[in-house]
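Here's the structure we're looking at; comments come further down.
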Amino acid sequence: MSAQKKQHDALYPVSKSPALKPHITAKQYETLYKQSIKDPTTFWSKQARIIDWIKPFTIVKNTSFKEEDFHIRWFSDGMLNVCANCVDRHLPQRKDKTAYIFEGNEPGDVRHISYQDLYEHVCRFANVLKQHKVQKGGVVTLYMPMIPEAIYAMLACARIGAIHSVVFGGFSASALAGRLDDCESKVVITADGAQRGAKTIPLKDTVDLALTQTEKKTVETVITVKHTGATCPMKEGRDYWLHEEVRHVNTECPYEEMNAEDPLFILYTSGSTGKPKGVLHTSGGYLVYAALTHKYVFDYHEEDIYWCTADVGWITGHSYVVYGPLANGATSLIFEGVPTYPDAARYWDVVDQHKVSIFYTAPTAIRSLMSKGDAFATKTKHPTLRVLGSVGEPLNPEAWQWYYNLIGQKKCPVVDTWWQTETGGILLTPLPGAMDLKPGSVSKPFFGIQPELLNEKGQAIKRTGMGSLVMKDSWPGQMRGVYNDPERFFKTYFSKFKGYYSSEDGARRDKDGYYWITGRMDDIINISGHRVGTAEVEAAINTHSQVAESAVVGIPHSIKGEGLFAFVILKSGEDVLYVFKDEVLQTIGKNIGSFAKPEYIVIVPGLPKTRSGKIMRRLLRKIAAGQVAEIGDVSTLADPRIVDKISEIVVRTFKENT
Ligand code: PRX
């Protein structure tokens with residue numbers, strides 16, 4: 001049996017580590033899971049008490065995935081305030097407890113923020129927003145570094161009932177402009193800059209540029225946090241420094257009473273078409289689900305020091321840096337820098353220094369640190385760690401073993417959690433202390449989650465098999481719509497397989513009922529856990545004046561998980577100088593962000609198309625991965641000879657570059 005196969009079959013029985021204080025046993029999981037499916041109303045009505053309700057709900061679940069009666073509502077007559085749940089309700093018992101430990105880019109730059117501090121910062125920020133005419137239902141865009149002020153801003157919006165739209169600080173001005181236009185944001189919150197390792201990123205300059213590029217010109221106010229000390233031009237009547245604005249406001253700000261189904265935030269994510277979607281999440285169900293999953297999946301307890309390394313620009317940052325942990329009154333660590341600065345021991349030094357007990361990161365970070373050699377990871381045995389988590393992309397068994405053996409010292413369960421921006425929280429995952437672990441598998445459904453695997457005909461696969469991963473019924477954290485585009489919601493997620501939520505991922509189920517994600521089934525590529533639509537990259541490349549057409553596919557990448565391979569046809573059809581490739585890379589950087597730059601760009605005379613003009617991406621994927629021999633029959637192509645021509649160019653390009 002090969003080593004790879006052995007790793008796949010490896011099974012790590014339920015951890016008996018004394019460091020674990022599991023909320024439930026394996027047997028209790030089975031019982032509770034069955035209850036959650038059989039009688040969701042009773043189950044969720046009880047679990048929803050994990051948060052405080054201003055007015056308790058009487059209706060629990062009111063959902064249907066059927067086209068003729070499509071609706072998703074949870075706790076729909078309940079009233080609450082998400083910010084009050086995350087901050088105010090902890091004050092009586094936890095006002096001096098640290099809510100956040102901020103670890104800055106430079107080692108030694110540490111700040112502790114108590115729940116009382118958090119309350120005051122958030123109230124002041126909320127009052128600043130009110131002064132700038134932000135009202136309930138208004139959209140505020142955040143373009144921020146990973147600093148406490150980003151969290152204050154999110155909570156301030158939630159406090160006054162405004163909807164936040166966080167745009168990851170790695171997106172370009174043009175990508176930011178598109179998002180500002182889509183949600184017609186009137187206010188932007190940013191910082192003078194962000195520090196990421198040796199680099200300083202000029203966020204405010206990018207906002208200024210974005211505002212020259214917006215079509216709708218809705219932005220009236222830009223509030224800037226002084227962070228790096230960089231000088232930035234301030235436009236009179238539009239631009240304000242946060243530190244000056246907070247001087248004039250009160251430290252008290254009453255919170256709005258919100259309905260459970262009032263919007264909490266929008267988060268733009270890539271879809272199969274060129275335009276990103278504004279995924280909309282609402283208040284009550286989202287918070288219940290984020291809090292409950294945070295508690296069970298990470299075996300969270302009051303005394304834990306919890307560190308989720310995600311940026312608040314992504315859904316993981318929303319659910320598991322901000323809302324889930326705060327709803328549970330946790331102490332979280334947040335980190336502005338990068339895992340390799342000043343060296344590849346940074347994460348592990350921070351874990352030891354702050355006594356982190358729960359650590360949640362992405363496979364890319366694990367693989368990248370693994371590639372730097374074990375010495376960085378084994379300076380100590382990280383005695384405080386109890387639970388290790390992973391999210392965003394497949395955690396290959398080799399990286400799983402490294403994480404488990406070296407970082408967790410064989411005593412911390414690894415929870416490989418599967419979910420999406422759209423799902424709001426974790427759907428498939430092991431539960432520490434309640435489930436055996438299988439490296440590479442995302443294990444089993446969380447409470448209330450009913451996964452199914454469908455074959456090509458849309459029929460459910462019973463027991464073992466591989467198919468499209470769908471959900472049979474709703475859960476409280478599910479997205480409620482595509483902002484400003486209600487039809488797109490049903491069409492994207494519910495029209496392909498009638499009566500199901502379609503995740504667009506493929507998965508396999510083994511004989512023990514464990515799920516194994518096989519990857520996206522649409523044209524989305526997962527680069528270092530960043531979701532990038534090939535259509536978006538193609539649209540960016542096509543903005544170059546010399547480009548006639550392009551096609552982008554994913555290729556395996558040892559660190560990033562996946563990388564991009566771009567095939568480009570030029571208008572002139574001529575061979576091109578390398579300068580051109582640099583220009584294409586710059587174009588992508590400008591239109592999307594650096595993280596979406598392809599590993600390879602090849603100039604080709606044509607693309608493999610069917611007679612009806614559809615690009616056969618499957619063939620391009622094989623060519624890009626160097627698997628030409630596996631291509632098979634190409635007779636359905638309009639010009640079958642194009643496959644050989646492109647393959648030759650690709651082989652030549654590889655040779656020239658190595
Ligand atoms: O393909 C799956 C992959 O990431 C996609 C969702 O991306 P995003 O909305 O950006 O959310 C990422 C963080 C929740 C999924 O459709 N994915 C996520 N988690 C895993 C995963 N693939 C394999 N294993 C995972 N644990």
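Ordered as shown in the structure tokens, chains take letters A, B, and onward, while each chain numbers its residues from 1 and ligands are numbered from 1 in the order shown.
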
**Request:** All residues within 6 Å of ligand 1 are required, counting only C-alpha atoms and all ligand atoms; please report them as number ranges by chain.
**Result:** A: 316, 391-394, 416-421, 442, 505, 517, 519-520, 530-531

**Request:** Considering only C-alpha atoms, return as a VMD selection string whatever protein or nucleic-acid residues lie within 6 Å of A:Lys204, sequence-local ones (same chain, fewer than 3 positions apart) excluded.
**Result:** chain A and resid 191 to 192 207

**Request:** If you run DSSP over the backbone, which residues in stretch 416-591 of chain A end up helix (DSSP H, G or I)? Put them as a VMD selection string.
**Result:** chain A and resid 421 to 423 486 to 494 534 to 542 578 to 591

Those residues you just picked out, can you put them in a file as a compact mmCIF listing (two decimals), in the first residue's frame with N, CA and C atoms?
# COMPACT_ATOMS: atom_id res chain seq x y z
N THR A 421 -18.83 31.41 2.29
CA THR A 421 -19.36 32.74 2.60
C THR A 421 -20.88 32.66 2.73
N GLU A 422 -21.48 31.88 1.85
CA GLU A 422 -22.94 31.77 1.78
C GLU A 422 -23.53 31.05 2.98
N THR A 423 -22.77 30.17 3.59
CA THR A 423 -23.35 29.35 4.68
C THR A 423 -23.29 30.06 6.03
N PRO A 486 -32.43 40.02 -6.04
CA PRO A 486 -33.11 38.89 -5.43
C PRO A 486 -33.21 37.66 -6.34
N GLU A 487 -33.35 37.88 -7.63
CA GLU A 487 -33.50 36.71 -8.52
C GLU A 487 -32.23 35.89 -8.62
N ARG A 488 -31.10 36.60 -8.51
CA ARG A 488 -29.82 35.89 -8.64
C ARG A 488 -29.64 34.86 -7.52
N PHE A 489 -30.23 35.14 -6.37
CA PHE A 489 -30.10 34.24 -5.22
C PHE A 489 -30.70 32.88 -5.55
N PHE A 490 -31.96 32.87 -5.96
CA PHE A 490 -32.60 31.59 -6.25
C PHE A 490 -31.90 30.91 -7.43
N LYS A 491 -31.63 31.70 -8.46
CA LYS A 491 -31.06 31.14 -9.69
C LYS A 491 -29.69 30.50 -9.43
N THR A 492 -28.86 31.18 -8.64
CA THR A 492 -27.51 30.67 -8.41
C THR A 492 -27.49 29.42 -7.55
N TYR A 493 -28.30 29.40 -6.52
CA TYR A 493 -28.12 28.34 -5.53
C TYR A 493 -29.22 27.29 -5.49
N PHE A 494 -30.39 27.58 -6.06
CA PHE A 494 -31.51 26.65 -5.86
C PHE A 494 -32.14 26.13 -7.15
N THR A 534 -12.79 32.59 -12.39
CA THR A 534 -11.98 32.68 -13.60
C THR A 534 -12.56 33.75 -14.53
N ALA A 535 -13.88 33.91 -14.51
CA ALA A 535 -14.51 34.92 -15.37
C ALA A 535 -14.05 36.33 -14.99
N GLU A 536 -13.85 36.55 -13.68
CA GLU A 536 -13.38 37.87 -13.24
C GLU A 536 -11.97 38.15 -13.75
N VAL A 537 -11.10 37.13 -13.69
CA VAL A 537 -9.71 37.31 -14.13
C VAL A 537 -9.69 37.50 -15.64
N GLU A 538 -10.52 36.71 -16.34
CA GLU A 538 -10.58 36.87 -17.80
C GLU A 538 -11.04 38.28 -18.16
N ALA A 539 -12.05 38.77 -17.45
CA ALA A 539 -12.56 40.12 -17.74
C ALA A 539 -11.45 41.14 -17.52
N ALA A 540 -10.64 40.94 -16.48
CA ALA A 540 -9.54 41.87 -16.20
C ALA A 540 -8.50 41.81 -17.32
N ILE A 541 -8.14 40.59 -17.73
CA ILE A 541 -7.13 40.45 -18.80
C ILE A 541 -7.65 41.09 -20.09
N ASN A 542 -8.93 40.89 -20.36
CA ASN A 542 -9.50 41.40 -21.61
C ASN A 542 -9.56 42.93 -21.68
N TYR A 578 8.02 39.62 -23.42
CA TYR A 578 7.67 39.39 -22.03
C TYR A 578 7.04 40.60 -21.35
N VAL A 579 7.39 41.78 -21.88
CA VAL A 579 6.83 43.01 -21.33
C VAL A 579 5.30 42.89 -21.26
N PHE A 580 4.75 42.27 -22.29
CA PHE A 580 3.31 42.16 -22.36
C PHE A 580 2.76 41.40 -21.13
N LYS A 581 3.47 40.35 -20.75
CA LYS A 581 2.99 39.56 -19.61
C LYS A 581 2.98 40.41 -18.34
N ASP A 582 4.02 41.20 -18.20
CA ASP A 582 4.04 42.10 -17.03
C ASP A 582 2.85 43.04 -17.06
N GLU A 583 2.55 43.51 -18.27
CA GLU A 583 1.40 44.42 -18.38
C GLU A 583 0.11 43.72 -18.00
N VAL A 584 -0.02 42.47 -18.43
CA VAL A 584 -1.23 41.71 -18.08
C VAL A 584 -1.32 41.52 -16.56
N LEU A 585 -0.17 41.21 -15.96
CA LEU A 585 -0.16 41.03 -14.51
C LEU A 585 -0.58 42.32 -13.82
N GLN A 586 -0.05 43.43 -14.31
CA GLN A 586 -0.43 44.73 -13.71
C GLN A 586 -1.92 44.99 -13.87
N THR A 587 -2.44 44.63 -15.04
CA THR A 587 -3.87 44.85 -15.29
C THR A 587 -4.71 44.07 -14.27
N ILE A 588 -4.29 42.84 -13.98
CA ILE A 588 -5.05 42.04 -13.01
C ILE A 588 -4.91 42.65 -11.61
N GLY A 589 -3.69 43.06 -11.29
CA GLY A 589 -3.46 43.72 -10.00
C GLY A 589 -4.37 44.93 -9.85
N LYS A 590 -4.51 45.69 -10.93
CA LYS A 590 -5.33 46.91 -10.89
C LYS A 590 -6.82 46.60 -10.79
N ASN A 591 -7.25 45.60 -11.53
CA ASN A 591 -8.69 45.31 -11.59
C ASN A 591 -9.20 44.47 -10.42

**Complete:** From the list A:Ala210, A:Leu264, A:Met79, A:Met234, the nearest residue to A:Ala162 using only C-alpha atoms is A:Leu264

**Item:** Per-residue DSSP, stretch 423-581 of chain A, filtered to strand (DSSP E), as a PyMOL selection string
**Value:** chain A and resi 428-429+444-445+451-454+465-471+481-482+501-509+515-520+524-527+530-533+547-557+561-570

**Request:** Skip A:Glu452 itself and residues of its chain fewer than 4 positions away, then list as an MDAnalysis selection string all residues within 10 Å of it, counting only C-alpha atoms.
**Result:** chainID A and resid 459:463 467:472 500:502 507 509

**Fill in**
Students should find that atom CA of A:Leu369 and atom CA of A:Ala344 are spaced 6.1 Å

**Complete:** In terms of only C-alpha atoms, the residue from A:Phe265, A:Tyr483, A:Phe565, A:Phe376 at minimal distance from A:Pro339 is A:Phe376

**Prompt:** Could you pull the residues within 8 Å of stretch 364-366 of chain A, counting only C-alpha atoms, minus those fewer than 2 positions along the same chain, as a list in words?
**Reply:** Pro339, Thr361, Ala362, Ser368, Leu369, Met370, Ala399, Tyr403, Ser528, Gly529, Ile559, Lys560 and Gly561 of chain A

**Message:** Need to verify the contact set: A:Pro598, 7 Å, only C-alpha atoms, exclusion of same-chain residues closer than 3 positions in sequence. Can you return it as a count of residues only?
**Reply:** 5

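Separating atom CA of A:Tyr12 from atom CA of A:Tyr306 is a distance of 23.6 Å.
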
Each stretch 71-174 of chain A residue no farther than 12 Å from stretch 215-221 of chain A, nearest pair in Å, only C-alpha atoms, as JSON lines:
{"residue": "A:Val128", "atom": "CA", "partner": "A:Thr221", "partner_atom": "CA", "distance": 11.3}
{"residue": "A:Leu129", "atom": "CA", "partner": "A:Thr221", "partner_atom": "CA", "distance": 9.7}
{"residue": "A:Lys130", "atom": "CA", "partner": "A:Thr221", "partner_atom": "CA", "distance": 11.9}
{"residue": "A:Gln131", "atom": "CA", "partner": "A:Thr221", "partner_atom": "CA", "distance": 10.9}
{"residue": "A:His132", "atom": "CA", "partner": "A:Thr221", "partner_atom": "CA", "distance": 7.3}
{"residue": "A:Lys133", "atom": "CA", "partner": "A:Thr221", "partner_atom": "CA", "distance": 9.6}
{"residue": "A:Val134", "atom": "CA", "partner": "A:Thr221", "partner_atom": "CA", "distance": 10.0}
{"residue": "A:Gly138", "atom": "CA", "partner": "A:Thr218", "partner_atom": "CA", "distance": 11.8}
{"residue": "A:Val139", "atom": "CA", "partner": "A:Val219", "partner_atom": "CA", "distance": 10.3}
{"residue": "A:Val140", "atom": "CA", "partner": "A:Val219", "partner_atom": "CA", "distance": 9.5}
{"residue": "A:Thr141", "atom": "CA", "partner": "A:Val219", "partner_atom": "CA", "distance": 9.5}
{"residue": "A:Leu142", "atom": "CA", "partner": "A:Thr221", "partner_atom": "CA", "distance": 12.0}
{"residue": "A:Ser174", "atom": "CA", "partner": "A:Glu215", "partner_atom": "CA", "distance": 10.9}
